[in-house]
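Student: The structure is given below, and queries will be raised subsequently.
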Amino acid sequence: MPNIVIAGAQWGDEGKGKIVDLLTERVQVVARYNGGHNAGHTILLGKRKFVLHVIPSGILHPGILCVMGNGMVVDPWAFEAELAELARQGIEVGDNLLVSERAHLILPHHRALEGLSEDLRGARKIGTTQRGIGPAYEDKAGRRGITMGDLLRPAALPAKLEEARRHFEQVFRGAGRTADVAWDKLYENLADFGERLRPRIGDVSLASIATWRPAIRSCSRARRPRCWTWTTAPTRS
């Protein structure tokens with residue numbers, strides 16, 4: 001099966017979103033493989049304006065299966081807010097959007113860690129978006145992150161959160177700072193996200209995506225080339 005790969009080589013702001021939007025008519029699946037809910041990109045459909053931060057722009061095209069891959073880090077609050085905004089603007093999001101069970105979550109303590117890191121840099125601060133994306137990737141690399149799949153196993157969440165909490169508190173103590181994270185409330189929120197997002201979460205790897213052949217067939221159009229579009233994180237375009 002041929003592929004179309006769109007990759008940004010200029011640290012964002014290359015207009016990837018517009019290119020994806022132009023090519024979507026030629027594909028069956030639009031998959032985003034990495035990144036978080038950074039600046040996003042803007043797409044105009046007639047007089048309607050859409051600003052997408054986390055969901056692939058293919059969602060604006062009927063009949064396209066959109067995939068959020070395992071390399072992404074997903075803020076579940078931002079994700080649900082974006083789903084709600086699309087619904088408000090009349091965009092139907094049903095089984096045409098799937099999320100990898102191995103995508104990691106961005107949680108409140110990640111935003112606190114990013115804020116601390118920026119504060120400690122003083123005049124040398126980077127100027128990040130303060131959305132917790134970098135620390136979420138740090139937890140992924142450190143094997144203490146929480147995945148979308150973990151939301152489907154709420155009984156295991158307390159132990160996973162405890163590991164993340166230990167690291168978080170060690171960092172803040174080392175910096176001589178304190179920070180309040182409502183860990184018990186966070187567990188409740190994550191369990192609720194798992195229930196609401198359960199139908200979207202699964203194995204979206206190329207090896208197993210054939211299990212969704214009915215969804216792909218329902219998204220197909222006459223004479224459309226059988227190809228996939230993989231995109232990097234959407235940026236402001």
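Residue numbers start at 1 in each chain; chains themselves are named A, B, ... in the order of the structure tokens; ligands are numbered from 1 in the order shown.
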Based on DSSP run over this structure's backbone, return all residues of segment 19-218 of chain A in strand (DSSP E or B), as a PyMOL selection string.
Tutor: chain A and resi 29-35+41-45+48-52+65-74+97-100+104-105+147+201-202
Student: Got a sec: who's within 6 Å of Leu105 of chain A, counting only C-alpha atoms, leaving out chain neighbours fewer than 2 positions off, as a PyMOL selection string?
Tutor: chain A and resi 73-75+146-147
Student: Could you give me the residues within segment 56-232 of chain A that DSSP places in alpha helix (DSSP H), as a PyMOL selection string?
Tutor: chain A and resi 76-88+108-121+133-141+157-174+183-197+213-219
Student: List the spatial neighbours of Lys18 of chain A as a PyMOL selection string - criterion: any atom at most 9 Å away, only C-alpha atoms, same-chain residues fewer than 4 positions off excluded.
Tutor: chain A and resi 22-23+41-43+57+237
Student: Can I get the selected residues back with all heavy atoms, as a CSV table (one decimal), in the first residue's frame?
Tutor:
```csv
chain,number,residue,atom,x,y,z
A,22,LEU,N,-5.3,19.6,1.9
A,22,LEU,CA,-5.3,19.5,0.5
A,22,LEU,C,-5.3,18.0,0.0
A,22,LEU,O,-5.9,17.7,-1.0
A,22,LEU,CB,-4.2,20.3,-0.2
A,22,LEU,CG,-4.3,21.8,-0.1
A,22,LEU,CD1,-3.0,22.5,-0.6
A,22,LEU,CD2,-5.5,22.3,-0.9
A,23,LEU,N,-4.5,17.2,0.7
A,23,LEU,CA,-4.3,15.8,0.2
A,23,LEU,C,-5.3,14.8,0.8
A,23,LEU,O,-5.4,13.7,0.3
A,23,LEU,CB,-2.9,15.3,0.6
A,23,LEU,CG,-1.7,16.0,0.0
A,23,LEU,CD1,-0.4,15.5,0.6
A,23,LEU,CD2,-1.7,15.8,-1.5
A,41,HIS,N,-3.2,24.4,14.1
A,41,HIS,CA,-3.3,25.1,12.8
A,41,HIS,C,-4.8,25.4,12.5
A,41,HIS,O,-5.7,24.9,13.1
A,41,HIS,CB,-2.7,24.2,11.7
A,41,HIS,CG,-3.4,22.9,11.6
A,41,HIS,ND1,-2.9,21.7,12.1
A,41,HIS,CD2,-4.5,22.5,10.9
A,41,HIS,CE1,-3.7,20.7,11.7
A,41,HIS,NE2,-4.7,21.2,11.1
A,42,THR,N,-4.9,26.4,11.6
A,42,THR,CA,-6.2,26.9,11.3
A,42,THR,C,-6.6,26.5,9.9
A,42,THR,O,-5.8,26.6,9.0
A,42,THR,CB,-6.2,28.5,11.4
A,42,THR,OG1,-5.8,28.9,12.7
A,42,THR,CG2,-7.5,29.1,11.0
A,43,ILE,N,-7.9,26.0,9.8
A,43,ILE,CA,-8.4,25.6,8.5
A,43,ILE,C,-9.7,26.4,8.3
A,43,ILE,O,-10.6,26.4,9.2
A,43,ILE,CB,-8.6,24.1,8.4
A,43,ILE,CG1,-7.2,23.4,8.4
A,43,ILE,CG2,-9.3,23.7,7.1
A,43,ILE,CD1,-7.3,21.9,8.4
A,57,SER,N,-6.4,16.9,11.1
A,57,SER,CA,-7.3,17.7,10.3
A,57,SER,C,-8.2,17.0,9.3
A,57,SER,O,-9.2,17.5,8.8
A,57,SER,CB,-6.5,18.8,9.5
A,57,SER,OG,-5.6,18.1,8.6
A,237,SER,N,-0.5,27.4,11.1
A,237,SER,CA,-0.3,27.5,9.6
A,237,SER,C,-1.1,28.6,9.0
A,237,SER,O,-2.0,29.2,9.7
A,237,SER,CB,-0.5,26.2,8.9
A,237,SER,OG,-1.8,25.7,9.2
```
Student: Using only C-alpha atoms, which of the listed residues (A:Leu44, A:Ala112, A:Ile106, A:Ala175) sits closest to Leu190 of chain A?
Tutor: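 Nearest candidate to Leu190 of chain A out of A:Leu44, A:Ala112, A:Ile106, A:Ala175: A:Ile106.
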Student: Quick one: residues within 9 Å of segment 150-161 of chain A, only C-alpha atoms counted, chain neighbours fewer than 6 positions away excluded, as a PyMOL selection string?
Tutor: chain A and resi 101-102+144+183-184+186-187+190-195+197-198+201
Student: For all heavy atoms, I'd like the residues from the last selection saved as a compact mmCIF listing (two decimals), in the first residue's frame.
Tutor:
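Contents of again-v4.txt, as written:
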```txt
# COMPACT_ATOMS: atom_id res chain seq x y z
N GLU A 101 -3.82 3.11 22.11
CA GLU A 101 -3.77 2.78 23.53
C GLU A 101 -2.40 3.06 24.13
O GLU A 101 -2.25 3.13 25.36
CB GLU A 101 -4.14 1.31 23.73
CG GLU A 101 -3.14 0.35 23.08
CD GLU A 101 -3.59 -1.09 23.14
OE1 GLU A 101 -4.68 -1.34 23.70
OE2 GLU A 101 -2.87 -1.97 22.63
N ARG A 102 -1.39 3.23 23.27
CA ARG A 102 -0.03 3.47 23.77
C ARG A 102 0.35 4.94 23.77
O ARG A 102 1.47 5.29 24.17
CB ARG A 102 0.97 2.66 22.95
CG ARG A 102 0.85 1.16 23.18
CD ARG A 102 1.91 0.39 22.42
NE ARG A 102 1.67 0.43 20.99
CZ ARG A 102 2.52 0.01 20.07
NH1 ARG A 102 3.71 -0.44 20.45
NH2 ARG A 102 2.22 0.05 18.79
N ARG A 144 7.48 5.99 33.55
CA ARG A 144 6.55 6.25 34.65
C ARG A 144 5.31 6.96 34.13
O ARG A 144 4.51 7.46 34.92
CB ARG A 144 7.23 7.08 35.74
CG ARG A 144 7.79 8.39 35.25
CD ARG A 144 8.50 9.20 36.32
NE ARG A 144 9.19 10.32 35.69
CZ ARG A 144 10.46 10.29 35.30
NH1 ARG A 144 11.18 9.20 35.48
NH2 ARG A 144 11.01 11.35 34.72
N TRP A 183 -4.27 14.43 43.77
CA TRP A 183 -4.05 13.10 43.18
C TRP A 183 -5.29 12.22 43.26
O TRP A 183 -5.58 11.47 42.30
CB TRP A 183 -2.87 12.42 43.86
CG TRP A 183 -1.58 13.16 43.63
CD1 TRP A 183 -1.00 14.06 44.46
CD2 TRP A 183 -0.74 13.07 42.47
NE1 TRP A 183 0.16 14.55 43.89
CE2 TRP A 183 0.35 13.96 42.68
CE3 TRP A 183 -0.80 12.33 41.29
CZ2 TRP A 183 1.36 14.12 41.75
CZ3 TRP A 183 0.22 12.48 40.35
CH2 TRP A 183 1.29 13.37 40.58
N ASP A 184 -6.04 12.28 44.36
CA ASP A 184 -7.26 11.47 44.46
C ASP A 184 -8.29 11.91 43.42
O ASP A 184 -8.94 11.08 42.78
CB ASP A 184 -7.86 11.58 45.86
CG ASP A 184 -7.00 10.90 46.91
OD1 ASP A 184 -6.18 10.02 46.53
OD2 ASP A 184 -7.13 11.24 48.11
N LEU A 186 -7.56 13.39 40.65
CA LEU A 186 -7.00 13.02 39.35
C LEU A 186 -7.37 11.59 39.00
O LEU A 186 -7.74 11.29 37.86
CB LEU A 186 -5.49 13.21 39.36
CG LEU A 186 -4.75 12.84 38.07
CD1 LEU A 186 -5.29 13.61 36.87
CD2 LEU A 186 -3.25 13.09 38.23
N TYR A 187 -7.28 10.69 39.98
CA TYR A 187 -7.67 9.30 39.72
C TYR A 187 -9.13 9.23 39.28
O TYR A 187 -9.47 8.53 38.31
CB TYR A 187 -7.48 8.45 40.98
CG TYR A 187 -8.19 7.12 40.89
CD1 TYR A 187 -7.70 6.09 40.08
CD2 TYR A 187 -9.39 6.91 41.58
CE1 TYR A 187 -8.37 4.89 39.97
CE2 TYR A 187 -10.07 5.71 41.47
CZ TYR A 187 -9.56 4.70 40.68
OH TYR A 187 -10.24 3.52 40.56
N LEU A 190 -9.47 10.45 35.70
CA LEU A 190 -8.95 9.51 34.72
C LEU A 190 -9.89 8.32 34.53
O LEU A 190 -10.08 7.84 33.40
CB LEU A 190 -7.56 9.04 35.13
CG LEU A 190 -6.46 10.11 35.13
CD1 LEU A 190 -5.12 9.50 35.52
CD2 LEU A 190 -6.35 10.79 33.77
N ALA A 191 -10.46 7.83 35.61
CA ALA A 191 -11.42 6.74 35.50
C ALA A 191 -12.62 7.16 34.66
O ALA A 191 -13.13 6.39 33.83
CB ALA A 191 -11.85 6.27 36.89
N ASP A 192 -13.07 8.40 34.86
CA ASP A 192 -14.20 8.91 34.07
C ASP A 192 -13.82 9.07 32.60
O ASP A 192 -14.62 8.74 31.70
CB ASP A 192 -14.66 10.26 34.63
CG ASP A 192 -15.33 10.12 35.99
OD1 ASP A 192 -15.75 9.00 36.35
OD2 ASP A 192 -15.43 11.14 36.70
N PHE A 193 -12.61 9.57 32.33
CA PHE A 193 -12.16 9.67 30.95
C PHE A 193 -12.16 8.30 30.28
O PHE A 193 -12.53 8.16 29.12
CB PHE A 193 -10.75 10.28 30.88
CG PHE A 193 -10.69 11.76 31.05
CD1 PHE A 193 -9.86 12.33 32.00
CD2 PHE A 193 -11.46 12.59 30.24
CE1 PHE A 193 -9.80 13.71 32.16
CE2 PHE A 193 -11.41 13.98 30.39
CZ PHE A 193 -10.58 14.53 31.36
N GLY A 194 -11.71 7.29 31.02
CA GLY A 194 -11.67 5.94 30.47
C GLY A 194 -13.03 5.46 30.02
O GLY A 194 -13.17 4.83 28.97
N GLU A 195 -14.04 5.75 30.81
CA GLU A 195 -15.40 5.33 30.45
C GLU A 195 -15.89 6.06 29.21
O GLU A 195 -16.49 5.46 28.32
CB GLU A 195 -16.35 5.56 31.63
CG GLU A 195 -16.18 4.58 32.76
CD GLU A 195 -16.37 3.14 32.31
OE1 GLU A 195 -17.41 2.85 31.67
OE2 GLU A 195 -15.49 2.32 32.58
N LEU A 197 -14.07 7.65 26.84
CA LEU A 197 -13.23 7.51 25.65
C LEU A 197 -13.01 6.06 25.24
O LEU A 197 -12.37 5.80 24.21
CB LEU A 197 -11.88 8.19 25.89
CG LEU A 197 -11.92 9.70 26.15
CD1 LEU A 197 -10.53 10.22 26.49
CD2 LEU A 197 -12.50 10.45 24.95
N ARG A 198 -13.50 5.12 26.01
CA ARG A 198 -13.26 3.71 25.75
C ARG A 198 -13.50 3.29 24.30
O ARG A 198 -12.68 2.56 23.71
CB ARG A 198 -14.15 2.87 26.69
CG ARG A 198 -13.99 1.36 26.53
CD ARG A 198 -14.83 0.63 27.56
NE ARG A 198 -14.38 0.91 28.91
CZ ARG A 198 -13.44 0.20 29.53
NH1 ARG A 198 -12.85 -0.82 28.90
NH2 ARG A 198 -13.08 0.51 30.77
N ILE A 201 -10.36 4.08 22.01
CA ILE A 201 -9.01 3.66 22.37
C ILE A 201 -8.75 2.23 21.92
O ILE A 201 -9.58 1.34 22.15
CB ILE A 201 -8.81 3.77 23.89
CG1 ILE A 201 -9.04 5.21 24.37
CG2 ILE A 201 -7.41 3.30 24.28
CD1 ILE A 201 -9.07 5.36 25.88
```
Student: Between A:Ala136, A:Leu86, A:Ala141, A:Ala9, which has the minimum distance to His37 of chain A (counting only C-alpha atoms)?
Tutor: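 Between A:Ala136, A:Leu86, A:Ala141, A:Ala9, the residue approaching His37 of chain A most closely is A:Ala136.
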